[in-house]
Structures are given as structure tokens and as C-alpha cells.
Amino acid sequence: MPKTATQYSRRNFLKTSGGVVLFIGASGILPYLVSCRDTRRMKEEFARHPITAWVQFSEDGQIIIYNPAAEMGQGSMTSLPVIFAEEMDADWARVSVEFSPQEAEIYGSEGWTPGSKLMMTVGSRTTHSYWPVMRKAGAQARYVLLSSAAGHWEVPLSELTTSEGVVYHEKSGRKIEYGQLVPFLKMPEVLPEIDEAQMKKPGEFRLIGKVLPRTEIPEKVNGTALFAQDIRLPGMVYGVLERGNLHGSRPTLTNEAEIVGMDGVLKVVPFDYAIGVIAQTLEQALSAKRKLRIEWGPSPASGFHSQEVFETYASMAGQPERGRVITEAGDVQQAIKTAARTYSADFKNDYVYHAQMEPLNAVIRVAEDLQSAEVWVGSQQGPDTKLGVPGILGIPHEKVEVHLQYLGGGFGRRSMNDFVEECAVLAREVAPLPVKLIWTREDDVAYGAFRPLSLQRLTASVDARGTLTSLSHCVVGDGGNLVASGVTNTHYDIPNQLAEWRGASHGIRLKHWRAVGHGPNKFAIECMLDEIARDQQADPVAFRRKLMAKSPRALATLDKAAEISGWGEPVAEGRAKGVAFVEHGSLGTGVCEISVDRNTGDIRVHHFWIALDAGIPVQPDNIRAQMEGGILMGMSSVLKEQITIVDGRVQQSNFHDYPLLRMQEIPDSIETVILPSGERPEGVGETATPMVAGAIANAFLRLTGKRLRHMPFTPQRVLEALSSS
Amino acid sequence: MAKYTLNVNDETYPVEVAEGTSLLWVLREHLGLTGTKYGCGIALCGACTLHIDGQPAKACIIPVEGVASGQRIRTIEGLSEKGDHPVQKAWIAAQAPQCGFCHSGQIMQAVALLESNPRPTREEIKTYMNGILCRCGTYMRILKAVEMAAGTETHVES
Ligand code: FES
Ligand code: FES
């Protein structure tokens with residue numbers, strides 16, 4: 001039987017007894033090797049920075065590469081090690097992958113702010129931001145191997161070559177495997193800065209761009225992959241919180257004595273916004289939670305009704321004063337004054353919830369003296385790699401050790417530390433007993449942090465030849481960038497543009513949700529383009545083609561998507577195609593084919609075609625998987641998902657009232673073509689999702705002549721649109 | 001507290017828990033069989049799917065006392081010694097999982113399907129698998145993997 005997690009054995013960093021670890025310093029610091037037997041020394045080296053261990057070699061040829069990013073299904077556990085292994089010229093069959101320690105000064109990248117070092121798996125930036133880091137480290141590791149072989153054979157380094165884990169000296173016909181070099185490894189006097197020009201060219205790649213199975217998939221099909229939910233530690237107790245469904249409301253517990261007297265209950269722990277219970281077993285904690293009698297105070301959300309706020313938003317969008325300008329080019333007012341025709345429309349979207357399949361949870365053990373802690377968690381990391389725990393416990397950063405686990409979905413929810421901090425509070429109460437904090441699905445929904453609802457008012461003008469001369473985009477909603485991301489059009493050549501945000505505040509918890517504001521904003525932009533094209537009697541693809549004339553990479557995705565979808569060819573009776581373009585790191589055009597049941601209001605998506613430019617495609621099959629998943633999550637949110645608020649209270653609580661897309665609703669096919677490119681890789685996790693709403697609504701418009709302007713397109717809204725005049 | 005004896009993956013497990021405790025918590029938190037996941041607790045996500053006497057069932061809504069009289073409980077851990085059950089192999093070949101959290105349930109449901117209907121049509125697969133949610137959207141590959149395991153895979157665009 002496969003091992004279970006009864007006795008939790010963590011993926012012990014640097015646990016092997018043989019081999020060496022290669023420490024590669026940031027500029028100026030000499031690299032060196034430390035034997036894996038010398039654990040104390042290795043620990044010391046880790047404590048010093050900026051020294052980075054990316055790889056561990058053993059005599060038997062096994063290689064461990066450390067992955068600094070979270071793995072939530074997006075494939076970082078393979079893509080980053082592949083980049084490293086490519087430059088190191090390793091034999092991929094001998095590579096295994098482990099998470100690196102959560103130390104940003106050592107393992108961070110500059111992907112977010114130049115000069116910074118962050119470990120943060122957000123915004124689909126992992127591959128893009130670690131690309132230079134992993135390449136250089138891999139190249140330096142190879143250099144160490146080469147110089148050691150040169151010393152061992154007493155030949156010039158320049159006469160050596162490598163291939164798939166072997167060093168060759170052609171002149172003498174000698175060769176040696178990387179593993180066999182371990183006893184002879186010596187650090188060179190200087191480690192040269194290796195620049196891009198000395199690295200492999202795309203044509204020389206053996207691993208990058210090839211279809212490689214993902215490293216962590218076998219564990220995920222035999223039940224041994226460990227999510228934080230699966231962690232079990234000796235003496236572990238269980239924590240739950242009742243947070244209510246009115247965000248920010250203060251609880252008063254009226255039956256504390258009864259709760260404390262319940263079987264197994266160890267402690268009641270009040271929070272500002274919740275009542276926590278710690279009990280011996282999970283079922284005891286949950287029964288106590290059900291018994292809590294709580295009076296909830298008012299909250300900033302009290303009195304807020306989500307479905308009534310759009311009227312207010314529309315009148316805010318109509319005010320003459322501008323909000324915060326996000327981009328401005330040319331003069332939209334002037335363009336409108338001289339326009340042959342103008343267009344204006346409002347687009348809306350409701351709150352959506354992450355619904356990551358693994359509800360939030362964490363396990364924390366605080367030491368008896370309260371001076372250190374260990375954390376087991378599935379987290380997308382963040383500016384604080386210790387996830388807020390040092391602050392809660394009032395202890396130094398280095399006294400907290402984070403053991404990153406696989407994430408049962410992230411989508412932006414797990415780059416917020418609320419659940420980790422809650423667990424730290426509970427664990428402090430019962431130190432040194434470890435506490436597993438479980439959020440039930442009901443907790444996860446009701447105390448969710450949602451993608452905000454918003455309204456987009458788009459106003460556009462065309463000249464007498466039907467050319468788009470201006471587009472202004474006003475977003476109204478709570479959350480700044482959470483509603484405003486994706487308003488900028490860098491690939492459509494529109495001379496006059498204005499994008500601005502007008503803020504509201506409702507006391508509802510908000511968070512990045514896969515693709516953030518791109519979902520609602522690309523929906524609005526792409527629908528607006530089709531509405532104009534329709535009025536101008538232009539084909540939607542041809543209309544976009546003109547706008548993309550100066551963006552050849554974007555245009556290539558449009559043309560390819562049109563080609564593979566058979567755009568312009570006749571479609572089956574009762575069906576229509578719609579198109580949408582999205583830039584989110586990578587550039588993509590999506591085309592879908594839909595039909596509508598005019599009796600029930602159900603929209604059926606039959607096919608989706610995507611053409612994508614992601615720069616150098618590091619793992620093509622994984623890119624396809626991200627497109628498929630992005631489209632299906634997009635369909636789920638666009639057709640079904642809706643959180644509503646009544647008098648400040650979240651109305652949904654589980655999958656019966658927050659349904660997700662199921663197997664019977666999937667399209668017959670999702671086809672992705674990845675365009676060849678030699679440019680730096682771009683993120684792919686959030687490019688497909690924001691295509692969906694625009695493509696469906698545009699297909700709907702072509703099929704029915706009616707407009708869908710409010711997400712989600714529930715059957716009821718579809719029927720209303722069909723019967724509108 | 002009451003004592004129960006469970007037959008899980010052909011092994012006998014004694015356990016002492018309160019009556020009414022769900023099989024899911026017993027397996028995960030008392031017996032350490034954590035391959036079966038918790039996703040909703042109300043039989044709507046399928047993350048906790050396992051087999052009871054060969055039939056797929058949702059462990060989150062089964063009280064322990066209902067399966068403690070000799071019923072054969074099979075979890076993902078009991079599917080194969082080395083993760084090489086034909087369905088697991090198909091899952092790897094199709095590179096089906098993303099986050100992977102739903103896949104124990106997906107695989108257990110698929111195994112139950114193929115044990116009762118070795119060559120299901122595509123529509124039969126979709127219907128049978130409909131109760132198991134995947135938020136990452138891996139359904140295209142799940143479908144492909146089931147067809148591969150059944151030997152009916154023609155060409156699923158994905
Ligand atoms: S946890 Fe049992 S069906 Fe969701
Ligand atoms: S793979 Fe993540 S929920 Fe299915």
C-alpha cells in the first residue's frame with residue numbers, strides 16, 4: 001500500500017546523506033560546495049545570503065532541483081526546473097524536484113519590482129520572472145561541472161562539451177557523467193558572469209519546448225500528494241472559526257460555558273470578526289461550531305444590496321468629473337465631437353468566488369516558549385514569505401519555518417494570509433500542540449474574498465470611414481486595480497483613449513480572482529468592438545485586424561484563431577461563432593461556437609479555439625492544459641457563478657447555491673495552437689479565462705441579434721435578453 | 001464515543017469515534033488515509049468519492065456506523081500497489097491533473113464506471129462523471145483519460 005500521511009514526513013530539504021549541494025552566490029560571491037552529510041554546515045550556509053542552492057548532485061547521478069514557486073496546478077514544479085536543467089545540460093530522467101525553502105532573499109526573483117526579491121506565485125508571472133534566474137543558475141552549475149572536469153583531467157575547459165548529463169573531452173575521447181564527477185567537484189576561483197549570449201539558443205533546446213510529463217502528476221494520481229489539508233502531526237488538535245456571513249461584523253458569544261463544556265473542546269478563542277474553537281478532534285470542533293450562539297454586530301457592509309448597486313454605479317459613471325485616470329492618449333472629447341457616429345454601453349458583472357477545490361486550511365505548531373513556529377500550508381506566498389506568522393507571534397522572521405505544500409487550487413485566494421494568521425492565533429493558545437485549522441466549504445464561501453462587482457461604461461466614436469477613433473472606458477467599483485486591471489488596450493491602435501476608475505466601497509472582502517479585472521474589462525472591450533463592427537456592417541475579425549495592424553504578434557494570434565476555427569465558413573443551423581482577444585502576459589485570441597436553447601435560456605458552448613503567443617513555450621502541453629482549464633473556469637464563471645449580497649450578508653454557502661461548471665457542460669473540443677516565438681516566455685495562466693465572456697456574448701449577438709451585457713449569463717438573463725427589443 | 005471496525009482496502013482498522021462521525025473524517029483524520037479529500041461535505045463535489053462494496057459513494061455524508069459491519073471500503077490508496085492501475089496509467093498519459101485535489105475522487109468514480117461498463121460512450125462518461133467537480137477545469141483530459149483506459153479513445157481535441 002502506498003505510504004499514507006499518518007506519520008507526516010515532510011519533503012525534508014536537503015535530506016539525503018550523500019552527494020553535494022551547489023551553492024551559487026549572487027554576483028561577486030564565490031560559489032562553493034557543501035557535502036550533504038554536513039547538515040549543520042548546510043544550515044549555516046542557508047542562513048547566510050545571498051547564497052543560493054539550486055541543485056543537489058549525488059554520486060549515483062541523481063539530481064534534485066529546487067523549485068522556488070508554489071505549485072497549484074499551473075506546472076511550476078516542472079517548468080522552472082526544466083529551464084534550469086536545460087542550461088545545466090542535465091539528464092532530465094535523473095532529475096527530481098523539491099520545493100526550495102521559503103526565503104525570498106535567497107530564492108526570490110525580481111519579477112514584480114526591479115531590485116526587489118520576492119517569492120510570490122501570482123499574476124501568472126512565475127515563468128517569466130524566473131526565466132533569467134533559472135537560466136543563469138543552470139549555466140553556472142554547468143560551469144562548475146566543466147571546470148571540475150577540466151581540473152580532474154588536466155585539460156583546458158574550452159576543450160570540454162556537455163550533453164545530457166555527461167562531460168566530454170573529444171580530443172582524448174574521454175567522458176564522465178555528472179554524478180561521477182561528484183568526488184572531484186571543486187569550486188573554480190571565479191565564477192564568470194554568464195550572459196544570455198553564452199546560453200543556449202532556442203534551436204539548441206532539448207527540454208524547453210518539448211512535451212515532458214509533469215513531475216508531480218504521479219503523486220497526484222495515487223493519493224500521496226500532500227496538500228496542507230492532509231498534514232497530520234503527533235498531538236495535533238483542530239481549530240475552526242465561525243465568521244458569519246456579514247463581513248467585518250463583531251461577534252458576541254452568548255453560550256461560552258456550554259461550548260467549553262462540550263466533549264473534546266479545549267478552548268474558545270475570540271477574534272474581532274469570528275469565534276474560534278479548538279478541540280481534540282475535527283468532528284468535535286465542528287459540532288462545537290454548530291452549537292455556537294453568536295450575536296453579530298453591525299458592519300460596514302450592513303445595508304448593502306449587491307444587485308441594487310448598479311443603478312448607483314451607472315449614475316456615478318454619468319458624473320462629469322473624472323475618476324482616477326489609468327491611461328490617456330489623445331483627446332477622446334475632441335474625437336467624439338468630430339465623430340461620424342458614437343456608441344455607448346454599460347457592462348456589468350456580479351461578485352464571483354474562487355471556489356478552489358481545497359477549502360482553506362493550515363497547520364501550525366508554535367514552540368512551547370512561543371519563540372518559534374513551523375507552518376504547513378498551501379500558499380501562493382507573498383511579500384512576506386512567512387505569511388504574517390512572525391507578526392502574530394511577535395517573533396523574528398527567521399524563527400518561522402514554512403513548509404510549502406501543494407495547493408488544491410489558488411486562483412488568487414491563497415495569496416492572502418488571513419487563514420494562516422488565524423491558525424497562528426489558535427496555535428499560540430495551545431502551544432506546543434500543533435493545530436490544524438479547517439475552513440469548511442461554507443466558511444470558504446461566506447467569508448470569501450471575491451472578485452468585485454463592477455460596471456464598465458464604454459463610449460466610442462468612429463469616423464466617416466468606420467474607423468474607430470476613440471474609446472473611453474470608465475470602471476466603477478470597489479478595489480482599485482481589482483476592478484481596473486485590463487482596461488488598457490496596448491494592441492489595438494485607437495488614437496484617442498481614456499481609461500479611468502471611479503471608486504466605491506461596500507465593506508465586502510475582495511481579492512484577486514484569476515485574471516483579476518481583465519475578466520470584466522476584456523468582456524466590455526471585446527463586446528463593444530463587436531457592437532460597433534455590427535453597426536458598421538464589418539466582420540468582427542476584419543474589424544480587429546485593422547486595429548491590430550501595428551501589433552504583428554497580436555495580429556498573428558487573431559489570424560491563426562480565425563484560420564483554425566474556420567471563421568467565415570458557414571456554421572451549422574442554430575449556431576454562431578464569436579471572437580475575443582486578450583493580452584495578459586501572453587497574447588491570445590479565442591473563438592467559440594455556441595448555440596442557445598430559446599426555451600430554457602441555456603447557452604451551450606460547442607467548441608473553443610485559441611491561438612496563443614506565449615513567447616518561448618517552455619512546456620507546450622502544459623500551456624494547452626492552462627488554456628483548457630482557463631476556458632472551462634471562464635465558462636463556469638461567465639455562465640453560472642454569482643455571489644449576491646443582501647443587507648451586507650453573503651447569500652451563498654456551498655455548491656448547491658454556488659454551482660460550478662460540470663462535466664456534462666464542457667465543449668466538444670478546446671483546440672490551442674501555440675505560435676512559435678523566440679521571445680522571453682510569458683505567463684499563460686490568466687490569458688484564456690478573460691476571453692470567454694466576450695467570445696460568448698459576441699457569438700450570442702451574431703446568433704440572436706441580442707446583447708448580453710451582465711455577467712453571469714444565467715438562463716434568466718439570457719431569456720430576458722432574447723425577449724428584449 | 002463508540003468503537004467500530006472498518007474494512008478498508010482489505011485491511012481491518014479499529015477506530016473509536018463519536019457515532020455519526022462521517023467516514024471521511026474517520027479515514028482522513030483518524031486512520032491517516034488522506035488520499036480521499038474534503039471539498040464540500042454535502043455530496044456535491046465528489047472529492048471524497050470512494051467505493052463501498054464496489055459502488056462509488058461520497059464519504060462525507062456516510063456516518064461511520066453505516067459502513068462498520070464488514071462493508072468493503074476501497075480508497076485511492078487501495079487502488080494499486082504502485083499507482084499503476086490502468087486508470088491511473090491513463091491519467092498520467094493524459095496528464096489529467098492540474099492542482100490534483102479533485103483527482104482521487106475523479107479516478108475512483110472512473111474506476112467504478114469502467115468496472116460496471118467497460119466501454120462507455122462519451123455521453124455515458126460525462127453523465128457518470130458529472131458529480132465530480134474540477135475547479136481547475138481538467139474535464140477535457142479526464143474524458144480523454146477515461147476513454148484511453150477504456151480503449152475507446154479516438155481523438156479528443158484538447
Ligand atoms: S466532500 Fe464529499 S462530495 Fe464534496
Ligand atoms: S485539478 Fe484542481 S480541482 Fe481538479
# chains A, B, ... in the order shown; residues from 1 in each chain; ligands from 1
>>> select_by_dssp(residues="region 9-146 of chain B", states="strand (DSSP E or B)", output="PyMOL selection string")
chain B and resi 11-17+22+49-52+55-58+63+72-74
>>> write_last_selection(atoms="N, CA and C atoms", output="mmCIF file, in the first residue's frame")
data_model
loop_
_atom_site.group_PDB
_atom_site.id
_atom_site.type_symbol
_atom_site.label_atom_id
_atom_site.label_comp_id
_atom_site.auth_asym_id
_atom_site.auth_seq_id
_atom_site.Cartn_x
_atom_site.Cartn_y
_atom_site.Cartn_z
ATOM 1 N N GLU B 11 -7.855 -4.226 4.664
ATOM 2 C CA GLU B 11 -7.233 -4.289 5.985
ATOM 3 C C GLU B 11 -8.275 -3.897 7.009
ATOM 4 N N THR B 12 -8.046 -4.365 8.246
ATOM 5 C CA THR B 12 -9.009 -4.098 9.303
ATOM 6 C C THR B 12 -8.514 -2.938 10.160
ATOM 7 N N TYR B 13 -9.359 -1.969 10.339
ATOM 8 C CA TYR B 13 -8.987 -0.799 11.128
ATOM 9 C C TYR B 13 -9.980 -0.605 12.275
ATOM 10 N N PRO B 14 -9.511 -0.755 13.515
ATOM 11 C CA PRO B 14 -10.396 -0.402 14.624
ATOM 12 C C PRO B 14 -10.346 1.113 14.836
ATOM 13 N N VAL B 15 -11.472 1.685 15.209
ATOM 14 C CA VAL B 15 -11.457 3.127 15.445
ATOM 15 C C VAL B 15 -12.492 3.470 16.504
ATOM 16 N N GLU B 16 -12.177 4.480 17.301
ATOM 17 C CA GLU B 16 -13.105 4.900 18.340
ATOM 18 C C GLU B 16 -13.457 6.360 18.117
ATOM 19 N N VAL B 17 -14.683 6.589 17.711
ATOM 20 C CA VAL B 17 -15.141 7.962 17.428
ATOM 21 C C VAL B 17 -16.598 8.088 17.850
ATOM 22 N N SER B 22 -18.494 11.310 10.171
ATOM 23 C CA SER B 22 -18.512 10.893 8.769
ATOM 24 C C SER B 22 -17.329 9.982 8.475
ATOM 25 N N THR B 49 -14.962 10.860 -3.069
ATOM 26 C CA THR B 49 -15.516 9.635 -3.652
ATOM 27 C C THR B 49 -14.621 8.419 -3.403
ATOM 28 N N LEU B 50 -15.227 7.349 -2.930
ATOM 29 C CA LEU B 50 -14.546 6.071 -2.737
ATOM 30 C C LEU B 50 -15.545 4.981 -3.084
ATOM 31 N N HIS B 51 -15.157 3.740 -2.865
ATOM 32 C CA HIS B 51 -16.067 2.639 -3.196
ATOM 33 C C HIS B 51 -16.508 1.933 -1.922
ATOM 34 N N ILE B 52 -17.774 1.613 -1.867
ATOM 35 C CA ILE B 52 -18.277 0.751 -0.794
ATOM 36 C C ILE B 52 -18.918 -0.456 -1.462
ATOM 37 N N GLN B 55 -19.332 -0.012 -5.131
ATOM 38 C CA GLN B 55 -20.136 1.096 -5.666
ATOM 39 C C GLN B 55 -19.520 2.432 -5.263
ATOM 40 N N PRO B 56 -19.506 3.408 -6.162
ATOM 41 C CA PRO B 56 -18.964 4.709 -5.760
ATOM 42 C C PRO B 56 -19.867 5.376 -4.725
ATOM 43 N N ALA B 57 -19.250 6.032 -3.765
ATOM 44 C CA ALA B 57 -20.031 6.680 -2.706
ATOM 45 C C ALA B 57 -19.281 7.914 -2.232
ATOM 46 N N LYS B 58 -20.021 8.833 -1.633
ATOM 47 C CA LYS B 58 -19.424 10.068 -1.130
ATOM 48 C C LYS B 58 -19.220 9.932 0.374
ATOM 49 N N PRO B 63 -22.256 8.179 7.622
ATOM 50 C CA PRO B 63 -21.826 8.058 9.016
ATOM 51 C C PRO B 63 -21.077 6.743 9.209
ATOM 52 N N ARG B 72 -16.952 -3.487 2.362
ATOM 53 C CA ARG B 72 -15.615 -3.311 1.813
ATOM 54 C C ARG B 72 -15.452 -1.873 1.330
ATOM 55 N N ILE B 73 -14.576 -1.153 1.993
ATOM 56 C CA ILE B 73 -14.326 0.238 1.622
ATOM 57 C C ILE B 73 -13.027 0.269 0.818
ATOM 58 N N ARG B 74 -13.080 0.887 -0.346
ATOM 59 C CA ARG B 74 -11.855 0.996 -1.138
ATOM 60 C C ARG B 74 -11.578 2.466 -1.412
#
>>> select_by_dssp(residues="region 26-114 of chain B", states="alpha helix (DSSP H)", output="list in words")
Pro86, Val87, Gln88, Lys89, Ala90, Trp91, Ile92, Ala93, His103, Ser104, Gly105, Gln106, Ile107, Met108, Gln109, Ala110, Val111, Ala112, Leu113 and Leu114 of chain B
>>> residues_around(residues="Lys348 (chain A)", least_positions_apart="3", cutoff="8 Å", atoms="only C-alpha atoms", output="JSON, numbers by chain")
{"A": [310, 453, 454, 455, 456, 520, 709, 710, 711]}
>>> residues_near_ligand(ligand="ligand 2", cutoff="8 Å", atoms="only C-alpha atoms and all ligand atoms", output="count of residues only")
21
>>> interface_residues(of="chain A", to="chain B", cutoff="6 Å", atoms="only C-alpha atoms", output="ChimeraX atom specification")
/A:1,4-6,72-73,220-223,230,357-358,408-409,441,629,632-633,662-664,669-671
>>> atom_distance(atom1="CA of Val487 (chain A)", atom2="CA of Leu468 (chain A)")
16.7 Å
>>> closest_residue(among="B:Leu24, B:Ala145, B:Leu6, B:Leu113", to="ligand 1", atoms="only C-alpha atoms and all ligand atoms")
B:Leu24
>>> residues_around(residues="Gln626 (chain A)", least_positions_apart="3", cutoff="7 Å", atoms="only C-alpha atoms", output="PyMOL selection string")
chain A and resi 74+622-623+629-630+684-685
>>> closest_residue(among="B:Gln109, B:Thr152, B:Asn7, B:Thr121", to="ligand 1", atoms="only C-alpha atoms and all ligand atoms")
B:Gln109
>>> atom_distance(atom1="CA of Ala549 (chain A)", atom2="CA of Ile674 (chain A)")
20.5 Å
>>> residues_around(residues="Ala614 (chain A)", least_positions_apart="6", cutoff="12 Å", atoms="only C-alpha atoms", output="PyMOL selection string")
chain A and resi 124-125+127-128+209+553-554+557+582-589+620+622-624+626-627+672-688
>>> decode(residues="region 75-90 of chain B", atoms="N, CA, C and O atoms", output="compact mmCIF listing (two decimals), in the first residue's frame")
# COMPACT_ATOMS: atom_id res chain seq x y z
N THR B 75 -10.37 2.89 -1.10
CA THR B 75 -9.97 4.29 -1.32
C THR B 75 -8.88 4.32 -2.38
O THR B 75 -8.37 3.28 -2.80
N ILE B 76 -8.49 5.51 -2.76
CA ILE B 76 -7.43 5.67 -3.77
C ILE B 76 -6.17 4.91 -3.36
O ILE B 76 -5.47 4.35 -4.20
N GLU B 77 -5.90 4.88 -2.05
CA GLU B 77 -4.69 4.18 -1.58
C GLU B 77 -4.75 2.69 -1.87
O GLU B 77 -3.71 2.03 -1.95
N GLY B 78 -5.98 2.17 -2.02
CA GLY B 78 -6.12 0.73 -2.22
C GLY B 78 -6.29 0.34 -3.68
O GLY B 78 -6.52 -0.82 -3.99
N LEU B 79 -6.15 1.30 -4.55
CA LEU B 79 -6.42 1.02 -5.96
C LEU B 79 -5.31 0.17 -6.59
O LEU B 79 -5.57 -0.71 -7.40
N SER B 80 -4.09 0.46 -6.22
CA SER B 80 -2.97 -0.33 -6.76
C SER B 80 -1.79 -0.16 -5.82
O SER B 80 -1.72 0.80 -5.05
N GLU B 81 -0.86 -1.10 -5.92
CA GLU B 81 0.34 -1.03 -5.08
C GLU B 81 1.23 0.15 -5.49
O GLU B 81 1.77 0.86 -4.68
N LYS B 82 1.36 0.29 -6.81
CA LYS B 82 2.40 1.21 -7.29
C LYS B 82 1.82 2.34 -8.13
O LYS B 82 2.54 2.93 -8.95
N GLY B 83 0.54 2.62 -7.97
CA GLY B 83 -0.04 3.69 -8.78
C GLY B 83 -0.14 3.30 -10.24
O GLY B 83 -0.10 4.16 -11.12
N ASP B 84 -0.26 1.99 -10.51
CA ASP B 84 -0.26 1.56 -11.90
C ASP B 84 -1.55 0.86 -12.32
O ASP B 84 -1.56 0.04 -13.23
N HIS B 85 -2.62 1.14 -11.63
CA HIS B 85 -3.93 0.69 -12.09
C HIS B 85 -4.13 1.28 -13.50
O HIS B 85 -3.69 2.40 -13.77
N PRO B 86 -4.76 0.54 -14.40
CA PRO B 86 -4.92 1.06 -15.77
C PRO B 86 -5.51 2.47 -15.82
O PRO B 86 -5.13 3.27 -16.69
N VAL B 87 -6.42 2.76 -14.92
CA VAL B 87 -7.00 4.11 -14.93
C VAL B 87 -5.94 5.13 -14.48
O VAL B 87 -5.83 6.22 -15.04
N GLN B 88 -5.14 4.78 -13.51
CA GLN B 88 -4.08 5.69 -13.07
C GLN B 88 -3.06 5.92 -14.20
O GLN B 88 -2.59 7.03 -14.42
N LYS B 89 -2.77 4.84 -14.90
CA LYS B 89 -1.81 4.98 -16.01
C LYS B 89 -2.38 5.89 -17.10
O LYS B 89 -1.67 6.73 -17.66
N ALA B 90 -3.66 5.71 -17.38
CA ALA B 90 -4.29 6.57 -18.39
C ALA B 90 -4.28 8.03 -17.92
O ALA B 90 -4.08 8.95 -18.71
